[in-house]
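Participant: Dropping in model.txt, which is compact mmCIF, C-alpha atoms:
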```txt
# COMPACT_ATOMS: atom_id res chain seq x y z
CA MET A 1066 92.27 113.18 87.76
CA GLY A 1067 90.84 111.05 90.59
CA LEU A 1068 88.44 112.19 93.24
CA PRO A 1069 90.29 114.07 96.04
CA ASP A 1070 90.46 112.31 99.42
CA ASN A 1071 88.54 114.95 101.35
CA GLN A 1072 85.71 115.04 98.82
CA LEU A 1073 85.46 111.26 98.81
CA ASP A 1074 85.36 111.16 102.63
CA ALA A 1075 82.72 113.88 102.75
CA TRP A 1076 80.54 112.09 100.21
CA ILE A 1077 80.77 108.76 102.01
CA GLU A 1078 79.98 110.31 105.40
CA SER A 1079 77.12 112.33 104.04
CA ALA A 1080 75.60 109.36 102.20
CA LEU A 1081 75.82 107.14 105.28
CA GLN A 1082 74.58 109.75 107.73
CA SER A 1083 71.49 110.69 105.76
CA GLY A 1084 68.58 108.37 105.16
CA THR A 1085 68.87 106.67 108.54
CA ALA A 1086 66.68 108.91 110.66
CA ILE A 1087 64.57 107.10 113.23
CA PRO A 1088 61.24 108.70 114.08
CA PRO A 1089 60.73 108.72 117.90
CA HIS A 1090 57.44 106.82 117.69
CA GLN A 1091 59.16 104.05 115.72
CA LYS A 1092 61.85 103.82 118.38
CA GLN A 1093 59.19 103.58 121.08
CA ILE A 1094 57.39 100.78 119.22
CA VAL A 1095 60.64 98.83 118.79
CA LEU A 1096 61.47 99.21 122.50
CA GLU A 1097 58.04 97.93 123.49
CA GLN A 1098 58.48 94.93 121.19
CA ILE A 1099 61.90 94.18 122.67
CA ILE A 1100 60.62 94.40 126.26
CA GLN A 1101 57.66 92.21 125.34
CA GLN A 1102 59.90 89.53 123.81
CA ALA A 1103 62.48 89.79 126.58
CA ARG A 1104 59.76 88.99 129.14
CA HIS A 1105 59.24 85.61 127.47
CA GLN A 1106 62.94 84.95 127.07
CA THR A 1107 65.24 83.37 129.61
CA THR A 1108 68.72 84.68 130.27
CA LEU A 1109 71.41 82.11 129.62
CA PRO A 1110 73.57 81.05 132.58
CA PRO A 1111 77.16 82.30 132.75
CA LEU A 1112 79.72 80.31 130.84
CA MET A 1113 82.29 79.22 133.44
CA LEU A 1114 85.00 76.60 133.11
CA PRO A 1115 85.86 74.77 136.33
CA VAL A 1116 89.33 75.65 137.68
CA GLU A 1117 90.55 72.08 137.13
CA ASN A 1118 89.58 72.24 133.45
CA GLN A 1119 91.30 75.59 133.08
CA ARG A 1120 94.55 74.17 134.52
CA PHE A 1121 94.35 71.12 132.29
CA LEU A 1122 93.69 73.27 129.22
CA ARG A 1123 96.61 75.56 130.05
CA ARG A 1124 98.97 72.62 130.49
CA ALA A 1125 97.76 70.96 127.29
CA MET A 1126 98.26 74.20 125.36
CA HIS A 1127 101.75 74.65 126.78
CA PHE A 1128 102.73 71.08 125.93
CA SER A 1129 101.38 71.22 122.38
CA CYS A 1130 103.14 74.56 121.81
CA GLN A 1131 106.45 73.06 122.89
CA ILE A 1132 106.02 70.09 120.54
CA TRP A 1133 105.12 72.44 117.71
CA GLN A 1134 108.16 74.65 118.38
CA TRP A 1135 110.48 71.64 118.41
CA MET A 1136 109.03 70.31 115.15
CA ALA A 1137 109.22 73.73 113.52
CA THR A 1138 112.88 74.05 114.53
CA PHE A 1139 113.60 70.62 113.10
CA ALA A 1140 111.72 71.36 109.90
CA VAL A 1141 113.41 74.67 109.13
CA ASP A 1142 116.88 73.90 110.51
CA GLU A 1143 119.18 74.22 107.51
CA SER A 1144 122.49 74.19 109.39
CA GLN A 1145 123.34 70.64 108.25
CA TYR A 1146 122.62 71.48 104.65
CA GLU A 1147 124.57 74.75 104.86
CA ARG A 1148 127.58 72.95 106.40
CA ALA A 1149 127.52 70.39 103.59
CA ARG A 1150 127.19 73.10 100.98
CA GLN A 1151 130.17 75.03 102.32
CA ASN A 1152 132.39 71.93 102.25
CA ARG A 1153 130.95 70.70 99.02
CA HIS A 1154 132.90 68.83 96.43
CA LEU A 1155 131.28 69.63 93.15
CA ILE A 1156 130.63 66.57 91.07
CA ARG A 1157 131.77 66.71 87.51
CA PHE A 1158 129.15 65.59 85.07
CA ALA A 1159 129.55 65.47 81.28
CA ALA A 1160 126.62 64.97 78.97
CA PRO A 1161 126.60 64.89 75.18
CA VAL A 1162 124.61 67.53 73.32
CA ARG A 1163 123.17 67.52 69.79
CA ASP A 1164 126.16 68.98 67.95
CA GLY A 1165 128.46 66.28 69.27
CA ARG A 1166 130.15 68.31 72.00
CA MET A 1167 130.37 67.02 75.53
CA PRO A 1168 130.15 70.02 77.89
CA THR A 1169 131.00 69.48 81.55
CA HIS A 1170 128.57 70.45 84.28
CA MET A 1171 129.27 70.77 87.98
CA ILE A 1172 126.64 69.33 90.30
CA GLU A 1173 126.12 70.74 93.79
CA PRO A 1174 125.14 68.51 96.71
CA LEU A 1175 121.53 67.55 96.34
CA ARG A 1176 118.77 68.31 98.81
CA LEU A 1177 115.97 65.88 99.35
CA ASN A 1178 113.93 67.55 96.69
CA PHE A 1179 114.19 65.70 93.44
CA MET A 1180 111.86 68.06 91.64
CA SER A 1181 114.15 71.07 91.96
CA PRO A 1182 116.39 71.92 89.01
CA VAL A 1183 119.93 70.59 89.37
CA PHE A 1184 121.75 72.94 87.00
CA MET B 1366 71.00 122.90 145.77
CA THR B 1367 70.28 120.21 143.24
CA TYR B 1368 72.07 116.92 142.90
CA VAL B 1369 72.43 115.46 139.46
CA GLU B 1370 72.49 111.70 139.49
CA ALA B 1371 75.32 110.22 137.48
CA GLU B 1372 74.15 107.98 134.68
CA PRO B 1373 74.78 104.31 135.38
CA SER B 1374 77.63 102.79 133.43
CA ASP B 1375 77.10 100.07 130.83
CA ALA B 1376 78.50 97.52 133.29
CA GLN B 1377 75.99 98.57 135.95
CA LEU B 1378 73.14 98.34 133.46
CA ILE B 1379 74.26 94.88 132.35
CA GLU B 1380 74.33 93.82 136.01
CA GLN B 1381 70.74 95.03 136.32
CA VAL B 1382 69.73 93.19 133.13
CA ARG B 1383 71.22 90.05 134.70
CA ALA B 1384 68.82 90.57 137.57
CA ASN B 1385 66.05 90.68 134.95
CA ASP B 1386 65.52 94.43 135.26
CA LEU B 1387 64.05 95.27 131.87
CA SER B 1388 64.17 99.01 132.49
CA ALA B 1389 67.96 98.68 132.39
CA LEU B 1390 67.60 97.03 129.00
CA GLY B 1391 65.52 100.07 128.02
CA SER B 1392 68.34 102.37 129.15
CA LEU B 1393 70.85 100.45 127.05
CA PHE B 1394 68.40 100.63 124.15
CA ASP B 1395 68.16 104.42 124.50
CA ARG B 1396 71.93 104.64 124.62
CA TYR B 1397 72.81 102.42 121.67
CA TYR B 1398 69.77 101.79 119.46
CA THR B 1399 70.51 104.61 117.02
CA GLN B 1400 74.10 103.47 116.46
CA VAL B 1401 73.10 99.84 116.03
CA TYR B 1402 70.20 100.63 113.72
CA ARG B 1403 72.20 103.04 111.57
CA SER B 1404 75.02 100.55 111.17
CA ALA B 1405 72.59 97.81 110.23
CA VAL B 1406 70.85 100.07 107.68
CA ALA B 1407 74.14 101.07 106.15
CA ILE B 1408 75.31 97.46 105.85
CA THR B 1409 72.07 95.87 104.68
CA GLN B 1410 70.64 99.01 103.03
CA ASP B 1411 67.20 97.92 104.08
CA SER B 1412 65.49 99.76 106.94
CA ALA B 1413 62.99 96.99 107.69
CA VAL B 1414 65.76 94.40 107.97
CA ALA B 1415 67.88 96.81 110.01
CA GLU B 1416 65.01 97.23 112.46
CA ASP B 1417 64.81 93.44 112.91
CA ILE B 1418 68.60 93.22 113.32
CA ALA B 1419 68.66 95.98 115.93
CA GLN B 1420 65.80 94.30 117.78
CA ASP B 1421 67.61 90.94 117.71
CA CYS B 1422 70.75 92.66 118.93
CA PHE B 1423 69.08 93.96 122.09
CA LEU B 1424 67.32 90.68 122.69
CA LYS B 1425 70.78 89.11 122.61
CA VAL B 1426 71.96 91.61 125.21
CA HIS B 1427 69.22 90.28 127.46
CA ARG B 1428 69.78 86.62 126.59
CA TYR B 1429 73.56 86.73 126.92
CA ALA B 1430 73.75 89.26 129.78
CA ASN B 1431 75.46 86.72 132.03
CA ARG B 1432 78.10 86.02 129.40
CA ILE B 1433 78.97 89.62 128.51
CA ASP B 1434 82.33 90.69 129.93
CA THR B 1435 81.48 93.84 131.87
CA SER B 1436 85.13 94.80 132.19
CA LEU B 1437 85.09 95.62 128.47
CA PRO B 1438 83.05 98.37 126.77
CA LEU B 1439 79.68 97.23 125.42
CA ALA B 1440 79.74 99.08 122.09
CA PRO B 1441 82.20 96.72 120.31
CA TRP B 1442 80.12 93.73 121.45
CA LEU B 1443 77.00 95.33 119.99
CA TYR B 1444 78.75 96.17 116.73
CA ARG B 1445 80.04 92.60 116.47
CA VAL B 1446 76.54 91.18 116.94
CA THR B 1447 75.16 93.69 114.40
CA VAL B 1448 77.80 92.77 111.83
CA ASN B 1449 77.21 89.04 112.37
CA LEU B 1450 73.44 89.36 112.05
CA SER B 1451 73.85 91.55 108.96
CA TYR B 1452 76.23 89.02 107.47
CA THR B 1453 73.69 86.24 107.99
CA TRP B 1454 71.05 88.32 106.27
CA VAL B 1455 73.30 89.37 103.38
CA SER B 1456 74.44 85.79 102.72
CA ARG B 1457 70.81 84.61 102.73
CA GLN B 1458 69.98 87.35 100.26
CA LYS B 1459 72.81 86.24 97.99
CA LYS B 1460 71.39 82.75 97.93
CA ARG B 1461 68.05 84.16 96.86
CA ARG B 1462 69.79 86.05 94.05
CA VAL B 1463 67.88 89.28 94.26
CA SER B 1464 67.50 90.91 90.89
CA LEU B 1465 69.10 94.27 90.19
CA GLU B 1466 65.67 95.82 89.73
CA ALA B 1467 64.66 94.69 93.21
CA VAL B 1468 67.80 96.24 94.66
CA VAL B 1469 67.17 99.55 92.90
CA ASP B 1470 63.50 99.44 93.96
CA ARG B 1471 64.55 98.93 97.57
CA LEU B 1472 67.07 101.75 97.41
CA ILE B 1473 64.51 104.26 96.18
CA SER B 1474 61.59 102.89 98.18
CA PRO B 1475 60.12 104.92 101.07
CA ALA B 1476 61.37 102.28 103.54
CA TRP B 1477 64.96 103.18 102.71
CA LEU B 1478 64.40 106.90 102.32
CA SER B 1479 62.60 108.10 105.41
CA PRO B 1480 60.21 111.01 104.85
CA ASP B 1481 62.42 113.33 106.92
CA HIS B 1482 65.26 112.89 104.54
CA ILE B 1483 63.63 112.78 101.14
CA ALA B 1484 64.08 116.53 100.85
CA GLU B 1485 67.81 116.40 101.42
CA HIS B 1486 68.28 113.30 99.37
CA SER B 1487 70.44 114.14 96.41
CA GLU B 1488 71.72 112.50 93.31
CA ILE B 1489 75.25 112.21 94.73
CA GLN B 1490 74.10 110.58 97.97
CA GLN B 1491 72.10 108.06 96.00
CA GLN B 1492 75.08 107.29 93.80
CA VAL B 1493 77.38 106.97 96.81
CA ARG B 1494 74.94 104.59 98.53
CA LEU B 1495 74.67 102.55 95.39
CA ALA B 1496 78.47 102.43 95.14
CA ILE B 1497 78.74 101.39 98.81
CA ARG B 1498 76.18 98.68 98.21
CA GLU B 1499 78.30 97.39 95.33
CA LEU B 1500 81.25 96.83 97.67
CA ASN B 1501 81.76 93.33 98.97
CA PHE B 1502 80.47 92.63 102.47
CA ASN B 1503 83.82 92.90 104.26
CA GLN B 1504 84.71 96.22 102.66
CA ARG B 1505 81.22 97.60 103.25
CA VAL B 1506 81.33 96.73 106.95
CA VAL B 1507 84.67 98.46 107.40
CA VAL B 1508 83.42 101.57 105.57
CA VAL B 1509 80.28 101.69 107.71
CA LEU B 1510 82.10 101.20 111.00
CA HIS B 1511 84.72 103.78 110.05
CA TYR B 1512 82.63 106.52 108.48
CA LEU B 1513 79.28 106.07 110.19
CA SER B 1514 80.17 104.71 113.62
CA GLY B 1515 83.44 106.65 113.75
CA LEU B 1516 85.49 103.69 114.98
CA SER B 1517 89.25 103.74 114.64
CA LEU B 1518 91.03 101.02 112.67
CA GLU B 1519 92.10 99.36 115.95
CA GLU B 1520 88.53 99.37 117.24
CA ILE B 1521 87.22 97.89 113.98
CA ALA B 1522 89.91 95.22 114.19
CA GLU B 1523 88.68 94.37 117.67
CA VAL B 1524 85.03 94.26 116.58
CA LEU B 1525 85.73 92.06 113.58
CA ASP B 1526 88.47 90.07 115.33
CA CYS B 1527 90.93 90.73 112.49
CA PRO B 1528 94.48 92.13 112.37
CA VAL B 1529 94.66 95.91 111.95
CA GLY B 1530 96.56 95.40 108.69
CA THR B 1531 93.59 93.53 107.23
CA ILE B 1532 91.25 96.36 108.19
CA LYS B 1533 93.63 98.94 106.67
CA SER B 1534 93.77 96.95 103.47
CA ARG B 1535 89.98 96.53 103.29
CA LEU B 1536 89.44 100.24 103.89
CA TYR B 1537 92.04 101.14 101.27
CA TYR B 1538 90.50 98.92 98.59
CA ALA B 1539 86.98 100.02 99.54
CA ARG B 1540 87.98 103.67 99.12
CA GLU B 1541 89.72 102.95 95.83
CA ASN B 1542 86.64 101.11 94.56
CA LEU B 1543 84.39 103.99 95.60
CA ARG B 1544 86.80 106.53 94.14
CA GLY B 1545 86.78 104.64 90.87
CA ARG B 1546 83.01 104.47 90.67
CA LEU B 1547 82.31 107.95 91.96
CA GLY B 1548 85.15 109.47 90.00
CA VAL B 1549 83.53 108.27 86.81
CA MET B 1550 80.24 109.77 87.96
CA ASN B 1551 81.92 113.06 88.88
CA TRP B 1552 83.64 113.19 85.52
CA SER B 1553 80.47 112.41 83.58
CA ASN B 1554 78.60 115.10 85.55
CA GLU B 1555 81.29 117.64 84.76
CA VAL B 1556 81.16 116.67 81.09
CA ALA B 1557 77.38 116.94 81.11
CA HIS B 1558 77.54 120.36 82.75
CA GLY B 1559 80.25 121.38 80.32
CA PHE B 1560 78.03 120.47 77.38
CA ALA B 1561 75.10 122.24 78.97
CA ARG B 1562 77.12 125.44 79.12
```
Have the structure of the file written as structure tokens, please.
Facilitator:
Amino acid sequence: MGLPDNQLDAWIESALQSGTAIPPHQKQIVLEQIIQQARHQTTLPPLMLPVENQRFLRRAMHFSCQIWQWMATFAVDESQYERARQNRHLIRFAAPVRDGRMPTHMIEPLRLNFMSPVF
Amino acid sequence: MTYVEAEPSDAQLIEQVRANDLSALGSLFDRYYTQVYRSAVAITQDSAVAEDIAQDCFLKVHRYANRIDTSLPLAPWLYRVTVNLSYTWVSRQKKRRVSLEAVVDRLISPAWLSPDHIAEHSEIQQQVRLAIRELNFNQRVVVVLHYLSGLSLEEIAEVLDCPVGTIKSRLYYARENLRGRLGVMNWSNEVAHGFAR
């Protein structure tokens, strides 16, 4: 029988909670080190895009999304294929087999994928 | 009549850090250091490294103060930085190919087990930690943020910038891995106790 959920949760929590105590003096030392290093560090300037750039980016995104949507519609549009399939005229195809018989096969309209099985 | 001053919000403290007020950085440190340090220890399982990561994290708060969005809570930003720094360290460690003995040494060394907790350190906790360490980085981070930092799946998804479904899946597999490893341990203990009786 596997370990029950509540026991597993309790074990994980207990294992993670213990062993990570921070003595106050250690915390104080770390803070002093941080303040010391921060004094010699410069704050980076804010990252701001000019309004013109923002407009241009928005327009570019919108335009590229539209192109992508149009291409996706074209790529996955199967209505033409479906229409052809519904009005299909199956092609009779007879091929000889080893024992001398000549069974007839019916071929459906082909898609532009020559690697897919025909029969 | 006494007036109790309300504590400044994270956004106010960040504003002060922007004005190079290092006491505000100290206030943020007091507020978040424990969480950051604990998460880093749990992910890297090395207290010395976790100390460096936590230190770096607060130096980043100072360095990037102007770029932190104060309309959002600070904690997820801190967790994200902690996870990224831990990831950098863990991937460097992988390149160094630390031997299993070194890992075990580190786990039982005084740096990992602070003196305050040696007394309460138990066999199970050690086994659980070892099992957590065996998880891959992504699963370990989710376990730490969920069980130690108490973040919800949505919050973890925000910190790690992942879909919630991915976080759910990582947590599920992490728990199953831990259950598998710890279940074996539980079973072997029961068998051992059974024989002892």
Participant: With a distance threshold of 7 Å and counting all atoms listed in the file, extract the residues of chain B near chain A and express them as a compact mmCIF listing (two decimals) with C-alpha atoms, in the frame of the given file.
Facilitator:
```txt
# COMPACT_ATOMS: atom_id res chain seq x y z
CA LEU B 1387 64.05 95.27 131.87
CA GLY B 1391 65.52 100.07 128.02
CA ARG B 1403 72.20 103.04 111.57
CA VAL B 1406 70.85 100.07 107.68
CA ALA B 1407 74.14 101.07 106.15
CA GLN B 1420 65.80 94.30 117.78
CA LEU B 1424 67.32 90.68 122.69
CA HIS B 1427 69.22 90.28 127.46
CA ARG B 1428 69.78 86.62 126.59
CA TYR B 1429 73.56 86.73 126.92
CA ALA B 1430 73.75 89.26 129.78
CA ASN B 1431 75.46 86.72 132.03
CA ARG B 1432 78.10 86.02 129.40
CA TRP B 1477 64.96 103.18 102.71
CA LEU B 1478 64.40 106.90 102.32
CA SER B 1479 62.60 108.10 105.41
CA HIS B 1482 65.26 112.89 104.54
CA GLN B 1490 74.10 110.58 97.97
CA VAL B 1493 77.38 106.97 96.81
CA ARG B 1494 74.94 104.59 98.53
CA TYR B 1512 82.63 106.52 108.48
CA LEU B 1513 79.28 106.07 110.19
CA ARG B 1544 86.80 106.53 94.14
CA GLY B 1548 85.15 109.47 90.00
```
Participant: How many Å separate atom CA of B:Glu1416 from atom CA of B:Phe1394?
Facilitator: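 So the two atoms, atom CA of B:Glu1416 and atom CA of B:Phe1394, lie 12.6 Å apart.
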Participant: Atom CA of B:Leu1536 and atom CA of B:Val1507, how far apart in Å?
Facilitator: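 Distance reported for this atom pair: 6.2 Å.
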Participant: Suppose you want the space between atom CA of B:Glu1523 and atom CA of B:Pro1441; what is it in Å?
Facilitator: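 Rounded to one decimal, the two atoms are 7.4 Å apart.
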Participant: Tell me which protein, DNA and RNA residues are within 7 Å of A:Arg1157, counting only C-alpha atoms, leaving out same-chain ones fewer than 6 positions away, and put them as a count of residues only.
Facilitator: 4
Participant: I'd like the contact shell of B:Tyr1452 - 12 Å cut-off, all atoms listed in the file, skipping same-chain residues fewer than 5 positions apart - returned as a list in words.
Facilitator: Ala1405, Ile1408, Thr1409, Val1414, Ala1415, Ile1418, Tyr1444, Arg1445, Val1446, Thr1447, Arg1457, Gln1458, Lys1459, Asn1501, Phe1502, Asn1503, Arg1505, Val1506 and Leu1525 of chain B
Participant: What's the 9 Å shell around B:Gln1504, counting all atoms listed in the file, without same-chain residues fewer than 5 positions away, as a PyMOL selection string?
Facilitator: chain B and resi 1497+1509+1532+1535-1540
